[in-house]
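Containing compact mmCIF, C-alpha atoms: query.txt.
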```txt
# COMPACT_ATOMS: atom_id res chain seq x y z
CA MET A 1 0.00 0.00 0.00
CA GLN A 2 2.81 2.41 0.91
CA ILE A 3 4.56 1.83 -2.41
CA LEU A 4 1.38 2.51 -4.41
CA ILE A 5 0.60 5.66 -2.43
CA THR A 6 4.17 6.88 -2.87
CA LEU A 7 4.01 6.39 -6.64
CA ALA A 8 0.60 8.10 -6.84
CA VAL A 9 1.84 11.09 -4.84
CA ALA A 10 4.90 11.26 -7.10
CA ILE A 11 2.81 11.53 -10.28
CA VAL A 12 0.37 14.11 -8.88
CA ALA A 13 3.14 16.23 -7.33
CA GLY A 14 5.14 16.17 -10.57
CA LEU A 15 2.16 17.15 -12.73
CA LEU A 16 1.11 19.97 -10.42
CA MET A 17 4.64 21.37 -10.28
CA SER A 18 4.85 21.25 -14.09
CA ARG A 19 1.97 23.76 -14.24
CA VAL A 20 3.95 26.12 -12.00
CA THR A 21 7.25 25.83 -13.89
CA LYS A 22 5.44 26.29 -17.20
CA LEU A 23 4.81 29.90 -16.18
CA PHE A 24 8.59 30.38 -16.14
CA LYS A 25 9.13 28.37 -19.35
CA LEU A 26 11.19 25.73 -17.53
CA PRO A 27 11.50 22.13 -18.78
CA ALA A 28 9.15 19.53 -17.31
CA VAL A 29 12.14 17.56 -15.98
CA THR A 30 13.00 20.48 -13.70
CA ALA A 31 9.41 20.52 -12.43
CA TYR A 32 9.49 16.82 -11.56
CA LEU A 33 12.82 17.12 -9.73
CA LEU A 34 11.61 20.15 -7.77
CA ALA A 35 8.42 18.29 -6.86
CA GLY A 36 10.53 15.45 -5.50
CA LEU A 37 12.57 17.88 -3.42
CA ILE A 38 9.41 19.45 -1.97
CA VAL A 39 7.64 16.23 -0.96
CA GLY A 40 10.91 14.52 -0.03
CA PRO A 41 12.33 13.84 3.43
CA TYR A 42 14.02 17.25 3.81
CA LEU A 43 11.04 19.58 3.33
CA ILE A 44 7.39 18.43 3.56
CA GLY A 45 8.62 14.98 4.56
CA LYS A 46 9.72 16.42 7.92
CA ILE A 47 6.15 17.33 8.87
CA ASP A 48 4.13 14.96 11.04
CA PHE A 49 0.68 14.60 9.43
CA SER A 50 -0.80 12.35 12.11
CA PHE A 51 -2.82 15.29 13.52
CA LEU A 52 -4.93 15.26 10.35
CA ASN A 53 -6.46 11.92 11.43
CA MET A 54 -6.77 10.84 7.80
CA GLY A 55 -5.46 7.35 8.36
CA PHE A 56 -1.91 8.06 7.26
CA SER A 57 -0.50 7.06 10.65
CA HIS A 58 -2.46 3.82 10.56
CA ILE A 59 -0.99 2.69 7.23
CA GLY A 60 2.44 4.07 8.10
CA PHE A 61 2.63 6.55 5.22
CA ALA A 62 4.35 9.91 5.32
CA PRO A 63 6.04 12.00 2.62
CA SER A 64 9.35 10.99 4.22
CA ASP A 65 8.78 7.54 2.70
CA PHE A 66 10.52 8.97 -0.35
CA GLY A 67 13.83 8.77 1.53
CA LEU A 68 16.07 5.73 1.11
CA ASP A 69 16.57 3.66 4.27
CA GLY A 70 17.22 0.17 2.87
CA SER A 71 13.71 -1.10 3.69
CA GLU A 72 11.81 -3.51 1.47
CA LYS A 73 9.69 -0.64 0.17
CA ASN A 74 12.71 1.37 -0.91
CA VAL A 75 14.30 -1.64 -2.57
CA ALA A 76 11.12 -1.83 -4.67
CA LEU A 77 11.42 1.86 -5.55
CA GLU A 78 15.06 1.34 -6.50
CA LEU A 79 14.01 -1.51 -8.79
CA PHE A 80 11.40 0.79 -10.29
CA GLY A 81 14.18 3.29 -11.02
CA GLN A 82 16.21 0.62 -12.82
CA VAL A 83 13.21 -0.22 -15.01
CA ALA A 84 12.62 3.44 -15.85
CA LEU A 85 16.28 3.87 -16.84
CA GLY A 86 15.93 0.76 -19.00
CA PHE A 87 13.07 2.34 -20.96
CA ILE A 88 15.01 5.61 -21.28
CA ALA A 89 18.06 3.76 -22.63
CA PHE A 90 15.83 1.77 -25.01
CA ALA A 91 14.38 5.02 -26.36
CA ILE A 92 17.86 6.49 -26.88
CA GLY A 93 18.94 3.33 -28.70
CA ASN A 94 16.06 3.76 -31.12
CA GLU A 95 17.67 6.97 -32.35
CA PHE A 96 20.72 5.10 -33.74
CA ARG A 97 19.73 4.25 -37.28
CA MET A 98 22.52 3.07 -39.55
CA SER A 99 21.88 5.84 -42.05
CA ASP A 100 22.55 8.42 -39.31
CA ILE A 101 25.48 6.54 -37.76
CA LYS A 102 27.29 6.43 -41.10
CA SER A 103 27.16 10.20 -41.40
CA ILE A 104 27.88 11.22 -37.79
CA GLY A 105 29.49 8.09 -36.29
CA LYS A 106 33.06 9.40 -36.44
CA GLN A 107 32.11 12.79 -35.02
CA ALA A 108 30.10 11.24 -32.18
CA PHE A 109 32.93 8.86 -31.26
CA VAL A 110 35.67 11.51 -31.23
CA ILE A 111 33.60 14.05 -29.28
CA GLY A 112 32.19 11.42 -26.91
CA VAL A 113 35.65 10.19 -25.91
CA LEU A 114 37.55 13.51 -25.80
CA GLN A 115 34.95 15.47 -23.81
CA ALA A 116 34.83 12.73 -21.15
CA VAL A 117 38.62 12.57 -20.91
CA ALA A 118 38.88 16.37 -20.76
CA ALA A 119 36.43 16.58 -17.85
CA THR A 120 38.29 13.83 -15.98
CA VAL A 121 41.73 15.38 -16.47
CA LEU A 122 40.64 18.89 -15.48
CA VAL A 123 38.84 17.71 -12.33
CA ASP A 124 41.80 15.49 -11.41
CA VAL A 125 44.23 18.40 -11.70
CA ALA A 126 42.03 20.80 -9.72
CA LEU A 127 41.20 18.37 -6.90
CA ILE A 128 44.73 17.00 -6.56
CA GLY A 129 45.78 20.64 -6.20
CA LEU A 130 43.17 21.02 -3.44
CA HIS A 131 44.60 17.91 -1.76
CA PHE A 132 47.90 19.69 -1.20
CA LEU A 133 46.04 22.63 0.33
CA MET A 134 43.87 20.43 2.59
CA PRO A 135 45.53 16.98 2.83
CA ASN A 136 43.52 16.02 5.92
CA VAL A 137 40.20 16.59 4.12
CA LEU A 138 40.66 15.36 0.55
CA SER A 139 42.94 12.42 -0.27
CA ILE A 140 44.59 11.89 -3.66
CA SER A 141 42.58 8.68 -4.07
CA ASN A 142 39.26 10.50 -3.61
CA ALA A 143 40.41 13.26 -5.99
CA ILE A 144 41.20 10.69 -8.70
CA ILE A 145 37.86 8.94 -8.23
CA LEU A 146 35.92 12.21 -8.41
CA GLY A 147 37.75 13.02 -11.65
CA ALA A 148 36.59 9.71 -13.12
CA ILE A 149 32.97 10.25 -12.06
CA ALA A 150 33.10 13.67 -13.75
CA SER A 151 33.11 11.92 -17.13
CA ALA A 152 29.54 10.61 -16.67
CA THR A 153 26.55 12.39 -18.22
CA ALA A 154 22.88 11.76 -17.39
CA PRO A 155 21.01 10.48 -20.47
CA ALA A 156 17.56 10.65 -18.87
CA ALA A 157 17.28 14.42 -18.39
CA THR A 158 18.71 15.10 -21.84
CA LEU A 159 16.27 12.75 -23.57
CA MET A 160 13.29 14.23 -21.70
CA VAL A 161 14.16 17.78 -22.80
CA VAL A 162 14.64 16.63 -26.41
CA ARG A 163 11.26 14.89 -26.38
CA GLN A 164 9.29 17.59 -24.58
CA TYR A 165 10.31 20.29 -27.05
CA LYS A 166 10.52 17.92 -30.06
CA ALA A 167 14.07 19.10 -30.70
CA LYS A 168 15.30 18.29 -34.18
CA GLY A 169 18.47 19.33 -35.97
CA LYS A 170 22.18 18.67 -36.36
CA LEU A 171 22.99 19.23 -32.70
CA THR A 172 20.27 16.84 -31.49
CA ASP A 173 21.29 14.19 -34.03
CA LEU A 174 24.83 14.29 -32.63
CA LEU A 175 23.84 14.70 -28.97
CA LEU A 176 21.96 11.42 -28.46
CA PRO A 177 24.75 9.12 -29.78
CA ILE A 178 27.29 10.98 -27.64
CA VAL A 179 25.14 10.59 -24.53
CA ALA A 180 24.88 6.86 -25.23
CA LEU A 181 28.61 6.49 -25.87
CA ASP A 182 29.35 8.47 -22.72
CA ASP A 183 28.11 5.57 -20.57
CA ALA A 184 30.66 3.15 -22.03
CA VAL A 185 33.52 5.68 -21.93
CA GLY A 186 32.67 6.73 -18.37
CA LEU A 187 32.56 3.10 -17.23
CA ILE A 188 36.06 2.44 -18.59
CA ILE A 189 37.51 5.68 -17.18
CA PHE A 190 35.98 5.00 -13.77
CA SER A 191 37.27 1.43 -13.63
CA VAL A 192 40.81 2.47 -14.56
CA SER A 193 40.82 5.44 -12.15
CA PHE A 194 39.29 3.37 -9.35
CA GLY A 195 42.01 0.78 -9.90
CA VAL A 196 44.69 3.49 -9.66
CA ALA A 197 43.09 4.89 -6.49
CA ARG A 198 42.98 1.44 -4.88
CA ALA A 199 46.62 0.87 -5.87
CA ILE A 200 47.57 4.09 -4.07
CA GLU A 201 45.69 2.97 -0.96
CA ASP A 202 46.73 -0.72 -1.01
CA GLY A 203 50.14 -0.38 -2.64
CA LYS A 204 49.47 -2.84 -5.51
CA ILE A 205 48.12 -2.50 -9.04
CA SER A 206 45.62 -4.95 -10.54
CA ALA A 207 45.54 -4.92 -14.34
CA ILE A 208 42.45 -7.14 -14.26
CA SER A 209 40.30 -4.69 -12.27
CA MET A 210 41.65 -1.66 -14.15
CA ILE A 211 41.42 -2.89 -17.76
CA VAL A 212 40.02 -6.41 -18.18
CA ASN A 213 36.82 -6.09 -16.09
CA PRO A 214 35.52 -2.84 -17.68
CA LEU A 215 36.24 -4.13 -21.20
CA ILE A 216 34.44 -7.40 -20.41
CA GLU A 217 31.43 -5.50 -19.05
CA VAL A 218 31.17 -3.22 -22.10
CA ALA A 219 31.64 -6.09 -24.59
CA LEU A 220 29.17 -8.42 -22.87
CA SER A 221 26.61 -5.61 -22.52
CA LEU A 222 26.74 -4.88 -26.25
CA LEU A 223 26.55 -8.59 -27.14
CA LEU A 224 23.60 -9.23 -24.81
CA GLY A 225 21.77 -6.16 -26.12
CA ALA A 226 22.35 -7.23 -29.73
CA LEU A 227 21.10 -10.76 -29.02
CA MET A 228 17.99 -9.51 -27.19
CA GLY A 229 17.34 -7.04 -30.02
CA TRP A 230 17.46 -9.80 -32.64
CA VAL A 231 15.12 -12.07 -30.63
CA PHE A 232 12.84 -9.12 -29.91
CA THR A 233 12.54 -8.24 -33.60
CA ALA A 234 11.80 -11.86 -34.53
CA CYS A 235 9.06 -12.08 -31.90
CA GLU A 236 7.49 -8.78 -32.94
CA LYS A 237 6.94 -10.08 -36.48
CA ILE A 238 4.69 -12.83 -35.13
CA PHE A 239 2.05 -10.30 -34.06
CA HIS A 240 0.10 -7.84 -36.20
CA SER A 241 -1.91 -5.98 -33.58
CA GLY A 242 -0.40 -2.66 -32.50
CA SER A 243 -1.41 -3.18 -28.85
CA LYS A 244 0.13 -6.66 -28.73
CA ARG A 245 3.34 -5.42 -30.29
CA MET A 246 3.53 -2.64 -27.71
CA SER A 247 2.91 -5.14 -24.88
CA LEU A 248 5.70 -7.33 -26.21
CA SER A 249 8.02 -4.31 -26.35
CA ILE A 250 7.39 -3.53 -22.68
CA SER A 251 7.94 -7.18 -21.75
CA PHE A 252 11.28 -7.33 -23.56
CA VAL A 253 12.60 -4.17 -21.90
CA LEU A 254 11.64 -5.60 -18.49
CA LEU A 255 13.27 -8.93 -19.37
CA THR A 256 16.43 -7.21 -20.62
CA VAL A 257 16.75 -5.14 -17.43
CA ALA A 258 16.31 -8.31 -15.37
CA ILE A 259 18.96 -10.29 -17.26
CA SER A 260 21.43 -7.38 -17.09
CA MET A 261 21.34 -7.64 -13.28
CA ILE A 262 23.16 -10.99 -13.40
CA LYS A 263 26.68 -10.80 -11.97
CA VAL A 264 29.28 -13.59 -11.70
CA HIS A 265 32.66 -13.39 -9.95
CA ILE A 266 35.49 -15.72 -10.94
CA GLY A 267 38.46 -14.73 -8.85
CA GLU A 268 39.35 -11.15 -9.75
CA ILE A 269 37.34 -11.31 -12.96
CA HIS A 270 33.85 -9.83 -12.64
CA ILE A 271 31.31 -10.80 -15.29
CA GLY A 272 28.44 -8.36 -15.35
CA PHE A 273 26.41 -6.00 -17.53
CA SER A 274 25.56 -2.31 -17.73
CA SER A 275 21.77 -2.18 -18.00
CA LEU A 276 22.00 1.18 -19.78
CA LEU A 277 24.30 -0.19 -22.48
CA VAL A 278 22.28 -3.40 -22.86
CA CYS A 279 18.97 -1.56 -23.29
CA MET A 280 20.53 0.99 -25.66
CA MET A 281 21.82 -1.83 -27.86
CA LEU A 282 18.41 -3.52 -27.65
CA GLY A 283 16.80 -0.37 -29.05
CA THR A 284 19.52 0.13 -31.68
CA VAL A 285 19.28 -3.38 -33.12
CA PHE A 286 15.48 -3.28 -33.02
CA CYS A 287 15.13 0.03 -34.89
CA ASN A 288 17.53 -1.13 -37.62
CA LEU A 289 16.03 -4.61 -38.13
CA CYS A 290 12.32 -3.85 -37.68
CA ASP A 291 10.63 -1.78 -40.39
CA PHE A 292 7.70 -0.83 -38.15
CA SER A 293 9.77 0.14 -35.09
CA ALA A 294 8.77 3.82 -35.34
CA ASP A 295 5.09 2.98 -34.85
CA ILE A 296 5.85 0.79 -31.83
CA MET A 297 8.00 3.49 -30.25
CA ASP A 298 5.20 6.07 -30.66
CA ARG A 299 2.86 3.74 -28.78
CA ALA A 300 5.44 2.93 -26.10
CA ASP A 301 6.16 6.64 -25.52
CA LYS A 302 2.55 7.18 -24.41
CA TRP A 303 2.73 4.22 -22.02
CA THR A 304 6.03 5.30 -20.46
CA ALA A 305 5.07 8.97 -19.92
CA PRO A 306 3.80 8.49 -16.31
CA LEU A 307 6.71 6.13 -15.67
CA PHE A 308 9.19 8.91 -16.43
CA VAL A 309 7.27 11.38 -14.25
CA MET A 310 7.51 9.01 -11.28
CA PHE A 311 11.18 8.34 -11.98
CA PHE A 312 12.21 12.00 -11.93
CA VAL A 313 10.07 12.90 -8.91
CA LEU A 314 11.57 10.04 -6.92
CA SER A 315 15.02 11.06 -8.16
CA GLY A 316 14.37 14.57 -6.85
CA ALA A 317 13.28 13.14 -3.49
CA GLU A 318 16.63 11.36 -3.20
CA LEU A 319 18.58 14.64 -3.50
CA ARG A 320 19.88 15.30 0.00
CA LEU A 321 19.70 18.83 1.36
CA ASP A 322 21.41 17.97 4.65
CA ILE A 323 24.82 17.76 2.94
CA LEU A 324 24.67 21.54 2.41
CA ALA A 325 25.56 21.91 6.10
CA ASP A 326 29.06 20.50 5.47
CA VAL A 327 31.40 23.35 4.49
CA TRP A 328 34.02 21.07 2.96
CA VAL A 329 31.41 19.40 0.75
CA LEU A 330 30.39 22.83 -0.53
CA VAL A 331 34.00 23.93 -1.17
CA ILE A 332 35.16 20.74 -2.88
CA GLY A 333 31.78 20.32 -4.59
CA ALA A 334 31.98 23.84 -6.04
CA ALA A 335 35.47 23.11 -7.38
CA TYR A 336 34.20 19.83 -8.84
CA ILE A 337 31.19 21.45 -10.53
CA ILE A 338 33.16 24.36 -11.99
CA THR A 339 36.07 22.31 -13.33
CA ARG A 340 33.81 19.54 -14.66
CA SER A 341 31.64 22.09 -16.48
CA ILE A 342 34.71 23.75 -18.00
CA GLY A 343 36.15 20.37 -18.97
CA LYS A 344 32.93 19.23 -20.64
CA TYR A 345 32.51 22.48 -22.55
CA VAL A 346 36.13 22.97 -23.61
CA GLY A 347 36.57 19.28 -24.47
CA THR A 348 33.43 19.33 -26.59
CA PHE A 349 34.29 22.63 -28.27
CA PHE A 350 37.75 21.64 -29.44
CA SER A 351 36.83 18.04 -30.36
CA ALA A 352 33.84 19.32 -32.38
CA LYS A 353 36.17 21.75 -34.09
CA LEU A 354 38.63 18.91 -34.74
CA VAL A 355 36.02 16.86 -36.62
CA LYS A 356 34.73 19.98 -38.43
CA CYS A 357 31.26 20.26 -36.93
CA ASP A 358 29.06 23.32 -37.50
CA LYS A 359 29.81 26.39 -35.39
CA ASN A 360 26.49 26.02 -33.55
CA ILE A 361 27.49 22.50 -32.51
CA GLN A 362 30.92 23.70 -31.40
CA LYS A 363 29.32 26.47 -29.36
CA TYR A 364 26.34 24.76 -27.74
CA LEU A 365 26.90 20.98 -27.63
CA GLY A 366 29.06 21.10 -24.49
CA ILE A 367 26.28 22.79 -22.53
CA THR A 368 23.88 19.91 -23.23
CA LEU A 369 26.34 17.40 -21.72
CA LEU A 370 26.37 18.97 -18.24
CA PRO A 371 23.48 17.06 -16.55
CA GLN A 372 24.66 14.33 -14.18
CA ALA A 373 22.63 11.88 -12.11
CA GLY A 374 22.07 8.10 -12.05
CA VAL A 375 25.36 6.83 -13.51
CA ALA A 376 27.41 9.14 -11.27
CA LEU A 377 25.43 8.10 -8.19
CA GLY A 378 25.96 4.46 -9.12
CA MET A 379 29.72 5.01 -9.32
CA SER A 380 29.75 6.74 -5.92
CA ALA A 381 27.76 3.81 -4.48
CA ILE A 382 30.54 1.46 -5.63
CA VAL A 383 33.06 3.62 -3.76
CA ILE A 384 30.95 3.47 -0.58
CA SER A 385 30.50 -0.31 -0.80
CA THR A 386 34.26 -0.79 -1.28
CA TRP A 387 35.74 1.79 1.10
CA GLY A 388 32.95 2.36 3.61
CA ASN A 389 33.41 5.57 5.61
CA ASP A 390 36.44 6.55 3.52
CA GLY A 391 34.11 6.97 0.55
CA VAL A 392 31.50 9.13 2.31
CA LEU A 393 33.11 12.38 1.15
CA VAL A 394 32.98 11.21 -2.49
CA ARG A 395 29.32 10.23 -2.11
CA ASN A 396 28.35 13.58 -0.55
CA ILE A 397 30.19 15.64 -3.16
CA ILE A 398 28.45 13.72 -5.96
CA LEU A 399 25.09 14.19 -4.22
CA PHE A 400 25.77 17.93 -4.06
CA SER A 401 26.78 18.10 -7.73
CA VAL A 402 23.74 16.08 -8.78
CA LEU A 403 21.52 18.46 -6.81
CA VAL A 404 22.94 21.38 -8.79
CA TYR A 405 23.21 19.70 -12.19
CA GLU A 406 19.75 18.13 -12.14
CA ILE A 407 18.04 21.43 -11.33
CA VAL A 408 20.13 23.64 -13.63
CA GLY A 409 21.13 21.12 -16.33
CA PRO A 410 17.77 20.67 -18.07
CA MET A 411 17.29 24.44 -18.26
CA LEU A 412 20.72 24.90 -19.83
CA THR A 413 20.04 22.05 -22.26
CA LYS A 414 16.83 23.73 -23.39
CA ILE A 415 18.60 27.08 -23.84
CA ALA A 416 21.44 25.50 -25.82
CA LEU A 417 19.09 23.57 -28.13
CA THR A 418 17.03 26.72 -28.67
CA LYS A 419 20.09 28.84 -29.48
CA ALA A 420 21.30 26.16 -31.89
CA GLY A 421 17.94 26.25 -33.68
CA ASP A 422 16.90 22.70 -32.77
CA ILE A 423 13.96 23.91 -30.65
CA LYS A 424 11.51 26.12 -32.47
CA GLU A 425 9.33 28.61 -30.62
CA LYS A 426 5.69 27.69 -31.09
CA THR A 427 3.14 30.14 -32.47
CA THR A 428 -0.62 29.74 -32.11
CA GLU A 429 -2.92 29.06 -35.01
CA GLY A 430 -4.95 32.15 -34.12
CA PHE A 431 -1.95 34.41 -34.57
CA ASN A 432 -1.05 32.85 -37.92
CA ARG A 433 -4.62 33.22 -39.18
CA LYS A 434 -4.79 36.86 -38.14
CA GLU A 435 -1.48 37.57 -39.82
CA PHE A 436 -2.68 35.90 -43.02
CA LEU A 437 -5.95 37.89 -43.08
CA GLU A 438 -4.10 41.14 -42.54
CA LYS A 439 -1.83 40.41 -45.49
CA GLN A 440 -4.84 39.63 -47.66
CA ASN A 441 -6.70 42.78 -46.43
CA VAL A 442 -9.70 40.67 -45.46
CA LYS A 443 -11.95 41.94 -42.66
```
Same coordinates, now as structure tokens:
Amino acid sequence: MQILITLAVAIVAGLLMSRVTKLFKLPAVTAYLLAGLIVGPYLIGKIDFSFLNMGFSHIGFAPSDFGLDGSEKNVALELFGQVALGFIAFAIGNEFRMSDIKSIGKQAFVIGVLQAVAATVLVDVALIGLHFLMPNVLSISNAIILGAIASATAPAATLMVVRQYKAKGKLTDLLLPIVALDDAVGLIIFSVSFGVARAIEDGKISAISMIVNPLIEVALSLLLGALMGWVFTACEKIFHSGSKRMSLSISFVLLTVAISMIKVHIGEIHIGFSSLLVCMMLGTVFCNLCDFSADIMDRADKWTAPLFVMFFVLSGAELRLDILADVWVLVIGAAYIITRSIGKYVGTFFSAKLVKCDKNIQKYLGITLLPQAGVALGMSAIVISTWGNDGVLVRNIILFSVLVYEIVGPMLTKIALTKAGDIKEKTTEGFNRKEFLEKQNVK
């Protein structure tokens, strides 16, 4: 009951907030995240509603249920988040048609790799410099790990802005492949950097954890996604009803997310999958093999709309405001945010110039790559599970950066896409009709 009430509150709160933010011409993603913050455990969630005598105390529900405490209910909400990310990755994968990849594949690869590396290097340099100023607060190991996490970009917020405003153009065509590639590049950079950081702490280097494991994860994820995409396409051709095809699509995304959770450890070798990469490849193979994939995706988009609302509201509820009381988190977090933003923008600008992209792409693409959320939080969770209390600072700094990037990022993405001409300002039919009549001198 608590899970269902939580999800219902999430949808209603997100929709209501979207009406408020529309007055300020803000993206819907920002509205959903703000709604999560408001009903989360640090604002309304602090209020005791038992005095209302509406039965909330009897069923054990309070807005603070949005907070994560490791209970069975929150495990279910975490699983829900994984499923939502699976559908988001599947939708991004459907944008990778071979005709487009042939024309922009080289540009996307070069920009995707160089902008991630640039962000990592710049954050590493800045934070290692801070280490020498405050060695008792920030270790070199934590500085290196934060630099690696800086490479990650959030695909969910970017996709939502693109869809809401129906962005279309050269920048958007290049943006989505780069966001998808960013997951694979970030995974490799993080694994290598994490291996270096552990070597500094433990005094020994493991080539398997630094190089072999991330390459295995990326390769297996792409292979699994390709296999699931081929089976999915074959199954879709059995049915002719649009509703049955859509139902099958939903089932395959759920199945793919479930299979990608399998992990096997053989000594130092870890065999696992990135659910984002697997679902992206599922969508890519499907859209290139199935000639009616566009129709299925249109149907699936309508079904997943409330799913995405719940996902972003719950994501907003997870943003912790209590970390703002830690001065060192604010200082190091500000340095992280500034240097990462510069690294992303400068890396994108010069790499886009290197592959001879349009000036609008050179100027605005870097801004659209600033959002950061799920992947970065997942990386920080790995640090916590491995180092315990020694990784708390990394976790809190990432939480602070996500708080900033998730609120500001979608707005900046919208502005950049608008400046680049990929988002067109809408005009009403009434205005167009009036203008036409005036030109024709008709009363």
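Nearest-residue note for Val29 in chain A: choosing from A:Ser341, A:Thr413, A:Ser191, A:Asn142, the minimum distance belongs to A:Thr413, counting only C-alpha atoms.
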Gap from CA of Pro306 in chain A to CA of Lys414 in chain A - Å, one decimal: 21.3 Å
Return as JSON the box centre and box size in Å, one decimal, for an axis-aligned box around all listed atoms of range 235-240 of chain A padded by 6 Å per side.
```
{"center_x": 4.6, "center_y": -10.3, "center_z": -34.2, "size_x": 21.0, "size_y": 17.0, "size_z": 16.6}
```
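Nearest residue to Ala119 in chain A, choosing from A:Tyr42, A:Phe286, A:Phe90, A:Tyr336 and counting all atoms listed in the file: A:Tyr336.
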Taking the point (14.7, 11.7, -21.3) as given in the file, collect each protein or nucleic acid residue that comes within 9 Å of it, counting all atoms listed in the file, and present the set as a PyMOL selection string. chain A and resi 29+88-89+91-92+155-164+308
What gap, in Å, lies between CA of Ala167 in chain A and CA of Ala416 in chain A?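 Result for CA of Ala167 in chain A versus CA of Ala416 in chain A: 10.9 Å, one decimal.
Counting from CA of Gly343 in chain A, the distance to CA of Ala126 in chain A is 11.0 Å.
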From the options A:Met1, A:Ala150, A:Met228, A:Val192, which residue's atoms come nearest to Asn213 in chain A, counting only C-alpha atoms?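 Under the stated criterion, the closest residue is A:Val192.
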Residue nearest Val179 in chain A among A:Leu277, A:Val117, A:Leu399, A:Cys287 (counting all atoms listed in the file): A:Leu277
Which range 76-167 of chain A residues have any atom within 9 Å of an atom of range 246-253 of chain A, and for each, what is the nearest pair of atoms with distance in Å to one decimal, counting all atoms listed in the file, rows sorted by chain and number, as a Markdown table?
```
| residue | atom | partner | partner_atom | distance |
| --- | --- | --- | --- | --- |
| A:Val83 | CA | A:Val253 | CA | 8.0 |
| A:Gly86 | CA | A:Val253 | CA | 6.6 |
| A:Phe87 | CA | A:Val253 | CA | 6.6 |
| A:Phe90 | CA | A:Val253 | CA | 7.4 |
```
Using only C-alpha atoms, find the one residue out of A:Ile3, A:Ala317, A:Ala305, A:Leu171 that sits nearest to Ala35 in chain A.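 Counting only C-alpha atoms, the residue closest to Ala35 in chain A is A:Ala317.
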List the neighbours of Thr233 in chain A out to 7 Å using all atoms listed in the file; skip same-chain residues closer than 2 positions along the sequence, and give me the result as number ranges by chain. A: 229-231, 235-237, 286, 289-290
For Gly112 in chain A, please output as a PDB file with C-alpha atoms, keeping the file's coordinate frame all residues within 12 Å (counting only C-alpha atoms; exclusion window: fewer than 2 positions along the same chain).
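Output saved as result_14.pdb:
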```pdb
ATOM      1  CA  ILE A 104      27.880  11.220 -37.790  1.00  0.00           C
ATOM      2  CA  GLY A 105      29.490   8.090 -36.290  1.00  0.00           C
ATOM      3  CA  LYS A 106      33.060   9.400 -36.440  1.00  0.00           C
ATOM      4  CA  GLN A 107      32.110  12.790 -35.020  1.00  0.00           C
ATOM      5  CA  ALA A 108      30.100  11.240 -32.180  1.00  0.00           C
ATOM      6  CA  PHE A 109      32.930   8.860 -31.260  1.00  0.00           C
ATOM      7  CA  VAL A 110      35.670  11.510 -31.230  1.00  0.00           C
ATOM      8  CA  LEU A 114      37.550  13.510 -25.800  1.00  0.00           C
ATOM      9  CA  GLN A 115      34.950  15.470 -23.810  1.00  0.00           C
ATOM     10  CA  ALA A 116      34.830  12.730 -21.150  1.00  0.00           C
ATOM     11  CA  VAL A 117      38.620  12.570 -20.910  1.00  0.00           C
ATOM     12  CA  ALA A 118      38.880  16.370 -20.760  1.00  0.00           C
ATOM     13  CA  ALA A 119      36.430  16.580 -17.850  1.00  0.00           C
ATOM     14  CA  SER A 151      33.110  11.920 -17.130  1.00  0.00           C
ATOM     15  CA  ALA A 152      29.540  10.610 -16.670  1.00  0.00           C
ATOM     16  CA  THR A 153      26.550  12.390 -18.220  1.00  0.00           C
ATOM     17  CA  LEU A 174      24.830  14.290 -32.630  1.00  0.00           C
ATOM     18  CA  LEU A 175      23.840  14.700 -28.970  1.00  0.00           C
ATOM     19  CA  LEU A 176      21.960  11.420 -28.460  1.00  0.00           C
ATOM     20  CA  PRO A 177      24.750   9.120 -29.780  1.00  0.00           C
ATOM     21  CA  ILE A 178      27.290  10.980 -27.640  1.00  0.00           C
ATOM     22  CA  VAL A 179      25.140  10.590 -24.530  1.00  0.00           C
ATOM     23  CA  ALA A 180      24.880   6.860 -25.230  1.00  0.00           C
ATOM     24  CA  LEU A 181      28.610   6.490 -25.870  1.00  0.00           C
ATOM     25  CA  ASP A 182      29.350   8.470 -22.720  1.00  0.00           C
ATOM     26  CA  ASP A 183      28.110   5.570 -20.570  1.00  0.00           C
ATOM     27  CA  ALA A 184      30.660   3.150 -22.030  1.00  0.00           C
ATOM     28  CA  VAL A 185      33.520   5.680 -21.930  1.00  0.00           C
ATOM     29  CA  GLY A 186      32.670   6.730 -18.370  1.00  0.00           C
ATOM     30  CA  LYS A 344      32.930  19.230 -20.640  1.00  0.00           C
ATOM     31  CA  TYR A 345      32.510  22.480 -22.550  1.00  0.00           C
ATOM     32  CA  GLY A 347      36.570  19.280 -24.470  1.00  0.00           C
ATOM     33  CA  THR A 348      33.430  19.330 -26.590  1.00  0.00           C
ATOM     34  CA  PHE A 349      34.290  22.630 -28.270  1.00  0.00           C
ATOM     35  CA  PHE A 350      37.750  21.640 -29.440  1.00  0.00           C
ATOM     36  CA  SER A 351      36.830  18.040 -30.360  1.00  0.00           C
ATOM     37  CA  ALA A 352      33.840  19.320 -32.380  1.00  0.00           C
ATOM     38  CA  VAL A 355      36.020  16.860 -36.620  1.00  0.00           C
ATOM     39  CA  LEU A 365      26.900  20.980 -27.630  1.00  0.00           C
ATOM     40  CA  GLY A 366      29.060  21.100 -24.490  1.00  0.00           C
ATOM     41  CA  LEU A 369      26.340  17.400 -21.720  1.00  0.00           C
TER      42      LEU A 369
END
```
Restricting the calculation to all atoms listed in the file, which member of A:Ala335, A:Thr172, A:Leu4, A:Phe194 is positioned closest to Trp387 in chain A? A:Phe194
Within 12 Å of Leu330 in chain A, counting only C-alpha atoms, which residues qualify if same-chain residues fewer than 2 places away don't, as a PyMOL selection string? chain A and resi 321-328+332-338+393+396-401+403-404
